[in-house]
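Visitor: Below: one structure in structure tokens.
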Amino acid sequence: AQSVAQPEDQVNVAEGNPLTVKCTYSVSGNPYLFWYVQYPNRGLQFLLKYITGDNLVKGSYGFEAEFNKSQTSFHLKKPSALVSDSALYFCAVRDINDMRFGAGTRLTVKP
Amino acid sequence: NAGVTQTPKFQVLKTGQSMTLQCAQDMNHNSMYWYRQDPGMGLRLIYYSASEGTTDKGEVPNGYNVSRLNKREFSLRLESAAPSQTSVYFCASTVVEDSNTEAFFGQGTRLTVV
């Protein structure tokens with residue numbers, strides 16, 4: 001069965017510093033990988049996705065993610081964090097009928 | 001655009017009571033999902049439906065039933081609620097033909113079972 005893992009349940013960064021939120025995956029076949037963000041009392045919102053091709057994927061709000069096949073990773077990154085980026089971030093993997101999520105990483109950006 | 005609409009937003013049940021969570025989407029999506037979100041455990045898949053008339057179990061189906069009433073609607077039923085079912089429930093939908101298509105989520109239902 002396919003799965004993703006987010007090894008950090010909490011990431012703290014200072015505003016203006018780069019941020020990384022980690023995700024590793026386990027799939028058979030081609031991976032279809034996604035990042036979603038959840039703000040308080042809201043549903044999940046799509047940020048970006050990996051489709052076969054470029055290993056660096058750009059998404060909403062200045063976020064990007066780096067796909068690394070040899071390390072089976074899909075880490076979320078942003079060059080300069082904002083306080084408004086503070087939220088819960090989920091990595092997800094999908095096949096044709098199923099969609100599974102990681103446990104989530106709470107990102108806190110301090111002024 | 002309404003997207004994915006869930007009702008109710010909040011509910012308190014007594015142990016043993018039953019209720020149905022409703023979900024509707026207006027994006028003509030084939031696939032619909034029900035998840036529960038618990039602290040430290042992320043989103044866990046309860047049931048999904050790849051098309052009208054079909055449903056399949058996810059990771060944590062025990063204690064739940066679902067109905068895919070038509071293409072738009074996918075309901076989740078708790079026949080006899082238990083405190084362990086206290087959680088936030090999310091419905092999602094997406095296109096089934098492309099695995100690289102993102103999902104759209106409802107705002108969630110916060111359920112407390114006392």
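In the structure tokens, chains take letters A, B, ... by order of appearance, with residues numbered from 1 within each chain and ligands from 1 in the order shown.
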Mind running chain B against chain A at 9 Å and telling me each contacting residue's nearest atom pair with the distance in Å (one decimal), counting only C-alpha atoms, chain and number ascending, as a Markdown table?

Guide:
| residue | atom | partner | partner_atom | distance |
| --- | --- | --- | --- | --- |
| B:Ser31 | CA | A:Asn97 | CA | 7.3 |
| B:Tyr33 | CA | A:Met99 | CA | 8.6 |
| B:Pro39 | CA | A:Ala103 | CA | 8.5 |
| B:Gly40 | CA | A:Ala103 | CA | 6.0 |
| B:Met41 | CA | A:Ala103 | CA | 4.8 |
| B:Gly42 | CA | A:Ala103 | CA | 3.6 |
| B:Leu43 | CA | A:Phe101 | CA | 5.9 |
| B:Arg44 | CA | A:Phe101 | CA | 7.1 |
| B:Leu45 | CA | A:Arg100 | CA | 7.0 |
| B:Tyr48 | CA | A:Asp98 | CA | 7.6 |
| B:Ser49 | CA | A:Asn97 | CA | 8.0 |
| B:Ala50 | CA | A:Asn97 | CA | 6.0 |
| B:Gly58 | CA | A:Asp98 | CA | 8.3 |
| B:Phe90 | CA | A:Gly43 | CA | 7.2 |
| B:Cys91 | CA | A:Gly43 | CA | 9.0 |
| B:Val96 | CA | A:Ile96 | CA | 6.1 |
| B:Glu97 | CA | A:Ile96 | CA | 6.8 |
| B:Asp98 | CA | A:Ile96 | CA | 6.7 |
| B:Ser99 | CA | A:Ile96 | CA | 4.9 |
| B:Asn100 | CA | A:Tyr32 | CA | 5.6 |
| B:Thr101 | CA | A:Lys49 | CA | 8.4 |
| B:Glu102 | CA | A:Phe46 | CA | 6.7 |
| B:Ala103 | CA | A:Phe46 | CA | 7.3 |
| B:Phe104 | CA | A:Gln45 | CA | 7.2 |
| B:Phe105 | CA | A:Gly43 | CA | 5.6 |
| B:Gly106 | CA | A:Gly43 | CA | 5.6 |
| B:Gln107 | CA | A:Gly43 | CA | 4.4 |
| B:Gly108 | CA | A:Gly43 | CA | 6.0 |

Visitor: Just want the 8 Å neighbourhood of Ala24 (chain B), counted on only C-alpha atoms, with same-chain residues fewer than 4 positions away dropped. Output as a tab-separated table (two decimals) with N, CA, C and O atoms, in the first residue's frame.

Guide:
chain	number	residue	atom	x	y	z
B	4	VAL	N	-17.18	22.01	-2.22
B	4	VAL	CA	-17.61	20.88	-1.40
B	4	VAL	C	-18.28	21.44	-0.16
B	4	VAL	O	-17.67	22.23	0.56
B	5	THR	N	-19.53	21.04	0.08
B	5	THR	CA	-20.30	21.55	1.20
B	5	THR	C	-20.62	20.42	2.16
B	5	THR	O	-21.15	19.39	1.76
B	6	GLN	N	-20.29	20.63	3.43
B	6	GLN	CA	-20.58	19.65	4.47
B	6	GLN	C	-21.58	20.23	5.46
B	6	GLN	O	-21.49	21.40	5.83
B	72	ARG	N	-23.37	13.75	-6.95
B	72	ARG	CA	-23.08	14.92	-6.13
B	72	ARG	C	-22.89	14.61	-4.65
B	72	ARG	O	-22.14	15.30	-3.97
B	73	GLU	N	-23.60	13.62	-4.13
B	73	GLU	CA	-23.71	13.48	-2.69
B	73	GLU	C	-23.11	12.19	-2.15
B	73	GLU	O	-23.30	11.10	-2.73
B	74	PHE	N	-22.44	12.31	-1.00
B	74	PHE	CA	-21.79	11.16	-0.36
B	74	PHE	C	-21.95	11.35	1.13
B	74	PHE	O	-21.35	12.25	1.72

Visitor: I'd like the interatomic distance between CA of Tyr64 (chain B) and CA of Leu76 (chain B), to a tenth of an Å.

Guide: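 According to the coordinates, CA of Tyr64 (chain B) and CA of Leu76 (chain B) are separated by 6.8 Å.
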
Visitor: Could you please determine the separation between CA of Pro8 (chain B) and CA of Gly63 (chain B) in Å, to one decimal place?

Guide: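 Computed distance, CA of Pro8 (chain B) to CA of Gly63 (chain B), equals 19.2 Å.
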
Visitor: Between CA of Gly62 (chain A) and CA of Val83 (chain A), what is the distance, to one decimal in Å?

Guide: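 It comes out at 13.4 Å.
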
Visitor: Looking at B:Arg68, B:Lys57, B:Ala2, B:Thr15, which one is nearest to Val113 (chain B), with distances taken over only C-alpha atoms?

Guide: B:Thr15

Visitor: Write out as an mmCIF file with N, CA and C atoms, in the first residue's frame the set of residues from chain B that DSSP, computed on the backbone, places in strand (DSSP E or B).

Guide:
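Output below, filename part.cif:
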data_model
loop_
_atom_site.group_PDB
_atom_site.id
_atom_site.type_symbol
_atom_site.label_atom_id
_atom_site.label_comp_id
_atom_site.auth_asym_id
_atom_site.auth_seq_id
_atom_site.Cartn_x
_atom_site.Cartn_y
_atom_site.Cartn_z
ATOM 1 N N VAL B 4 -17.184 22.006 -2.223
ATOM 2 C CA VAL B 4 -17.612 20.881 -1.399
ATOM 3 C C VAL B 4 -18.278 21.441 -0.155
ATOM 4 N N THR B 5 -19.526 21.042 0.079
ATOM 5 C CA THR B 5 -20.296 21.551 1.202
ATOM 6 C C THR B 5 -20.625 20.424 2.162
ATOM 7 N N GLN B 6 -20.294 20.626 3.427
ATOM 8 C CA GLN B 6 -20.578 19.646 4.474
ATOM 9 C C GLN B 6 -21.582 20.228 5.463
ATOM 10 N N THR B 7 -22.489 19.373 5.900
ATOM 11 C CA THR B 7 -23.393 19.757 6.986
ATOM 12 C C THR B 7 -23.566 18.591 7.948
ATOM 13 N N PHE B 10 -21.053 21.571 13.247
ATOM 14 C CA PHE B 10 -20.785 21.111 14.608
ATOM 15 C C PHE B 10 -21.918 20.176 15.032
ATOM 16 N N GLN B 11 -21.570 19.187 15.863
ATOM 17 C CA GLN B 11 -22.590 18.283 16.386
ATOM 18 C C GLN B 11 -22.102 17.661 17.677
ATOM 19 N N VAL B 12 -22.998 17.576 18.653
ATOM 20 C CA VAL B 12 -22.713 16.850 19.886
ATOM 21 C C VAL B 12 -23.718 15.707 19.969
ATOM 22 N N LEU B 13 -23.213 14.509 20.180
ATOM 23 C CA LEU B 13 -24.054 13.326 20.289
ATOM 24 C C LEU B 13 -23.825 12.654 21.627
ATOM 25 N N MET B 19 -26.339 9.378 13.662
ATOM 26 C CA MET B 19 -26.462 10.593 12.868
ATOM 27 C C MET B 19 -25.812 10.373 11.498
ATOM 28 N N THR B 20 -26.176 11.246 10.570
ATOM 29 C CA THR B 20 -25.627 11.209 9.222
ATOM 30 C C THR B 20 -24.970 12.536 8.914
ATOM 31 N N LEU B 21 -23.730 12.474 8.447
ATOM 32 C CA LEU B 21 -23.021 13.655 7.967
ATOM 33 C C LEU B 21 -23.230 13.727 6.454
ATOM 34 N N GLN B 22 -23.582 14.924 6.017
ATOM 35 C CA GLN B 22 -23.893 15.098 4.605
ATOM 36 C C GLN B 22 -22.742 15.798 3.886
ATOM 37 N N CYS B 23 -22.540 15.434 2.642
ATOM 38 C CA CYS B 23 -21.520 16.071 1.809
ATOM 39 C C CYS B 23 -22.052 16.161 0.390
ATOM 40 N N ALA B 24 -21.860 17.317 -0.225
ATOM 41 C CA ALA B 24 -22.268 17.509 -1.615
ATOM 42 C C ALA B 24 -21.215 18.329 -2.332
ATOM 43 N N GLN B 25 -20.961 17.967 -3.595
ATOM 44 C CA GLN B 25 -20.007 18.727 -4.414
ATOM 45 C C GLN B 25 -20.656 19.081 -5.749
ATOM 46 N N SER B 31 -14.850 10.942 -7.863
ATOM 47 C CA SER B 31 -14.401 10.367 -6.600
ATOM 48 C C SER B 31 -14.744 11.257 -5.424
ATOM 49 N N MET B 32 -15.218 10.619 -4.349
ATOM 50 C CA MET B 32 -15.487 11.328 -3.109
ATOM 51 C C MET B 32 -14.944 10.515 -1.946
ATOM 52 N N TYR B 33 -14.562 11.227 -0.880
ATOM 53 C CA TYR B 33 -13.862 10.605 0.236
ATOM 54 C C TYR B 33 -14.418 11.137 1.554
ATOM 55 N N TRP B 34 -14.315 10.305 2.592
ATOM 56 C CA TRP B 34 -14.526 10.750 3.957
ATOM 57 C C TRP B 34 -13.274 10.443 4.772
ATOM 58 N N TYR B 35 -12.797 11.485 5.479
ATOM 59 C CA TYR B 35 -11.650 11.358 6.354
ATOM 60 C C TYR B 35 -12.038 11.797 7.754
ATOM 61 N N ARG B 36 -11.278 11.300 8.723
ATOM 62 C CA ARG B 36 -11.342 11.863 10.054
ATOM 63 C C ARG B 36 -9.964 12.399 10.423
ATOM 64 N N GLN B 37 -9.966 13.515 11.132
ATOM 65 C CA GLN B 37 -8.707 14.135 11.532
ATOM 66 C C GLN B 37 -8.613 14.148 13.043
ATOM 67 N N ASP B 38 -7.571 13.542 13.557
ATOM 68 C CA ASP B 38 -7.313 13.498 14.982
ATOM 69 C C ASP B 38 -5.909 14.028 15.245
ATOM 70 N N GLY B 42 -3.006 12.937 11.685
ATOM 71 C CA GLY B 42 -3.286 13.396 10.336
ATOM 72 C C GLY B 42 -4.700 13.067 9.911
ATOM 73 N N LEU B 43 -4.879 12.863 8.623
ATOM 74 C CA LEU B 43 -6.182 12.492 8.080
ATOM 75 C C LEU B 43 -6.166 10.997 7.777
ATOM 76 N N ARG B 44 -7.143 10.310 8.284
ATOM 77 C CA ARG B 44 -7.249 8.884 8.007
ATOM 78 C C ARG B 44 -8.504 8.623 7.191
ATOM 79 N N LEU B 45 -8.348 7.818 6.157
ATOM 80 C CA LEU B 45 -9.430 7.562 5.211
ATOM 81 C C LEU B 45 -10.429 6.580 5.817
ATOM 82 N N ILE B 46 -11.696 6.971 5.835
ATOM 83 C CA ILE B 46 -12.746 6.103 6.378
ATOM 84 C C ILE B 46 -13.352 5.263 5.251
ATOM 85 N N TYR B 47 -13.888 5.928 4.264
ATOM 86 C CA TYR B 47 -14.472 5.296 3.079
ATOM 87 C C TYR B 47 -14.215 6.193 1.885
ATOM 88 N N TYR B 48 -14.253 5.583 0.712
ATOM 89 C CA TYR B 48 -14.234 6.387 -0.495
ATOM 90 C C TYR B 48 -15.181 5.785 -1.527
ATOM 91 N N SER B 49 -15.488 6.623 -2.511
ATOM 92 C CA SER B 49 -16.399 6.200 -3.582
ATOM 93 C C SER B 49 -15.817 6.694 -4.895
ATOM 94 N N ASP B 56 -15.949 1.904 -1.113
ATOM 95 C CA ASP B 56 -14.896 1.009 -0.654
ATOM 96 C C ASP B 56 -14.375 1.465 0.690
ATOM 97 N N LYS B 57 -13.920 0.493 1.486
ATOM 98 C CA LYS B 57 -13.386 0.805 2.798
ATOM 99 C C LYS B 57 -12.001 1.422 2.684
ATOM 100 N N TYR B 64 -18.730 2.900 10.890
ATOM 101 C CA TYR B 64 -19.281 3.849 9.921
ATOM 102 C C TYR B 64 -19.916 3.112 8.741
ATOM 103 N N ASN B 65 -20.898 3.774 8.128
ATOM 104 C CA ASN B 65 -21.441 3.340 6.848
ATOM 105 C C ASN B 65 -21.542 4.552 5.940
ATOM 106 N N VAL B 66 -21.534 4.299 4.637
ATOM 107 C CA VAL B 66 -21.626 5.401 3.686
ATOM 108 C C VAL B 66 -22.649 5.077 2.612
ATOM 109 N N SER B 67 -23.108 6.152 1.971
ATOM 110 C CA SER B 67 -24.018 6.023 0.829
ATOM 111 C C SER B 67 -23.614 7.036 -0.222
ATOM 112 N N ARG B 68 -23.424 6.534 -1.438
ATOM 113 C CA ARG B 68 -23.206 7.472 -2.556
ATOM 114 C C ARG B 68 -24.555 7.580 -3.251
ATOM 115 N N GLU B 73 -23.604 13.617 -4.128
ATOM 116 C CA GLU B 73 -23.711 13.481 -2.686
ATOM 117 C C GLU B 73 -23.113 12.187 -2.146
ATOM 118 N N PHE B 74 -22.435 12.315 -1.004
ATOM 119 C CA PHE B 74 -21.792 11.163 -0.365
ATOM 120 C C PHE B 74 -21.955 11.354 1.134
ATOM 121 N N SER B 75 -22.760 10.505 1.768
ATOM 122 C CA SER B 75 -23.063 10.692 3.176
ATOM 123 C C SER B 75 -22.347 9.657 4.033
ATOM 124 N N LEU B 76 -22.082 10.043 5.264
ATOM 125 C CA LEU B 76 -21.401 9.181 6.246
ATOM 126 C C LEU B 76 -22.328 9.010 7.436
ATOM 127 N N ARG B 77 -22.585 7.764 7.822
ATOM 128 C CA ARG B 77 -23.510 7.496 8.910
ATOM 129 C C ARG B 77 -22.814 6.806 10.073
ATOM 130 N N LEU B 78 -23.102 7.302 11.258
ATOM 131 C CA LEU B 78 -22.687 6.651 12.492
ATOM 132 C C LEU B 78 -23.936 6.021 13.091
ATOM 133 N N SER B 87 -14.152 13.547 16.701
ATOM 134 C CA SER B 87 -13.135 13.877 15.713
ATOM 135 C C SER B 87 -13.653 15.020 14.842
ATOM 136 N N VAL B 88 -12.800 15.448 13.933
ATOM 137 C CA VAL B 88 -13.230 16.367 12.884
ATOM 138 C C VAL B 88 -13.288 15.575 11.587
ATOM 139 N N TYR B 89 -14.413 15.625 10.920
ATOM 140 C CA TYR B 89 -14.639 14.842 9.718
ATOM 141 C C TYR B 89 -14.594 15.740 8.483
ATOM 142 N N PHE B 90 -13.850 15.284 7.484
ATOM 143 C CA PHE B 90 -13.737 16.026 6.235
ATOM 144 C C PHE B 90 -14.184 15.169 5.068
ATOM 145 N N CYS B 91 -14.934 15.810 4.194
ATOM 146 C CA CYS B 91 -15.301 15.227 2.927
ATOM 147 C C CYS B 91 -14.433 15.854 1.841
ATOM 148 N N ALA B 92 -14.076 15.082 0.836
ATOM 149 C CA ALA B 92 -13.266 15.598 -0.270
ATOM 150 C C ALA B 92 -13.751 14.992 -1.573
ATOM 151 N N SER B 93 -13.445 15.654 -2.678
ATOM 152 C CA SER B 93 -13.796 15.108 -3.981
ATOM 153 C C SER B 93 -12.690 15.416 -4.978
ATOM 154 N N THR B 94 -12.613 14.595 -6.022
ATOM 155 C CA THR B 94 -11.639 14.818 -7.077
ATOM 156 C C THR B 94 -12.058 14.061 -8.325
ATOM 157 N N PHE B 104 -10.455 18.540 -3.515
ATOM 158 C CA PHE B 104 -11.084 19.705 -2.916
ATOM 159 C C PHE B 104 -11.789 19.246 -1.648
ATOM 160 N N PHE B 105 -11.653 20.043 -0.594
ATOM 161 C CA PHE B 105 -12.161 19.643 0.702
ATOM 162 C C PHE B 105 -13.289 20.548 1.175
ATOM 163 N N THR B 109 -16.687 18.849 9.713
ATOM 164 C CA THR B 109 -17.721 18.703 10.741
ATOM 165 C C THR B 109 -17.030 18.313 12.036
ATOM 166 N N ARG B 110 -17.195 19.130 13.049
ATOM 167 C CA ARG B 110 -16.595 18.831 14.360
ATOM 168 C C ARG B 110 -17.614 18.071 15.187
ATOM 169 N N LEU B 111 -17.341 16.793 15.429
ATOM 170 C CA LEU B 111 -18.263 15.915 16.145
ATOM 171 C C LEU B 111 -17.710 15.567 17.514
ATOM 172 N N THR B 112 -18.541 15.741 18.530
ATOM 173 C CA THR B 112 -18.187 15.348 19.883
ATOM 174 C C THR B 112 -19.207 14.321 20.361
ATOM 175 N N VAL B 113 -18.714 13.188 20.841
ATOM 176 C CA VAL B 113 -19.585 12.145 21.380
ATOM 177 C C VAL B 113 -19.324 12.064 22.879
#

Visitor: If you count only C-alpha atoms, which residues fall within 12 Å of Phe63 (chain A), apart from same-chain ones fewer than 4 positions away, as a PyMOL selection string?

Guide: chain A and resi 18-21+35-37+46-49+56-59+75-82+85+89

Visitor: Give me every helix (DSSP H, G or I) residue in region 20-99 of chain A, going by DSSP on the backbone, as a list in words.

Guide: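 Restricting region 20-99 of chain A to helix (DSSP H, G or I) produces Ser60, Tyr61, Gly62, Val83, Ser84 and Asp85 of chain A.
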
Visitor: Give me the residues near Tyr25 (chain A) as a VMD selection string, where near means some atom within 8 Å (using only C-alpha atoms) and where sequence neighbours in that chain fewer than 4 positions away do not count.

Guide: chain A and resid 2 to 5 72 to 74 93
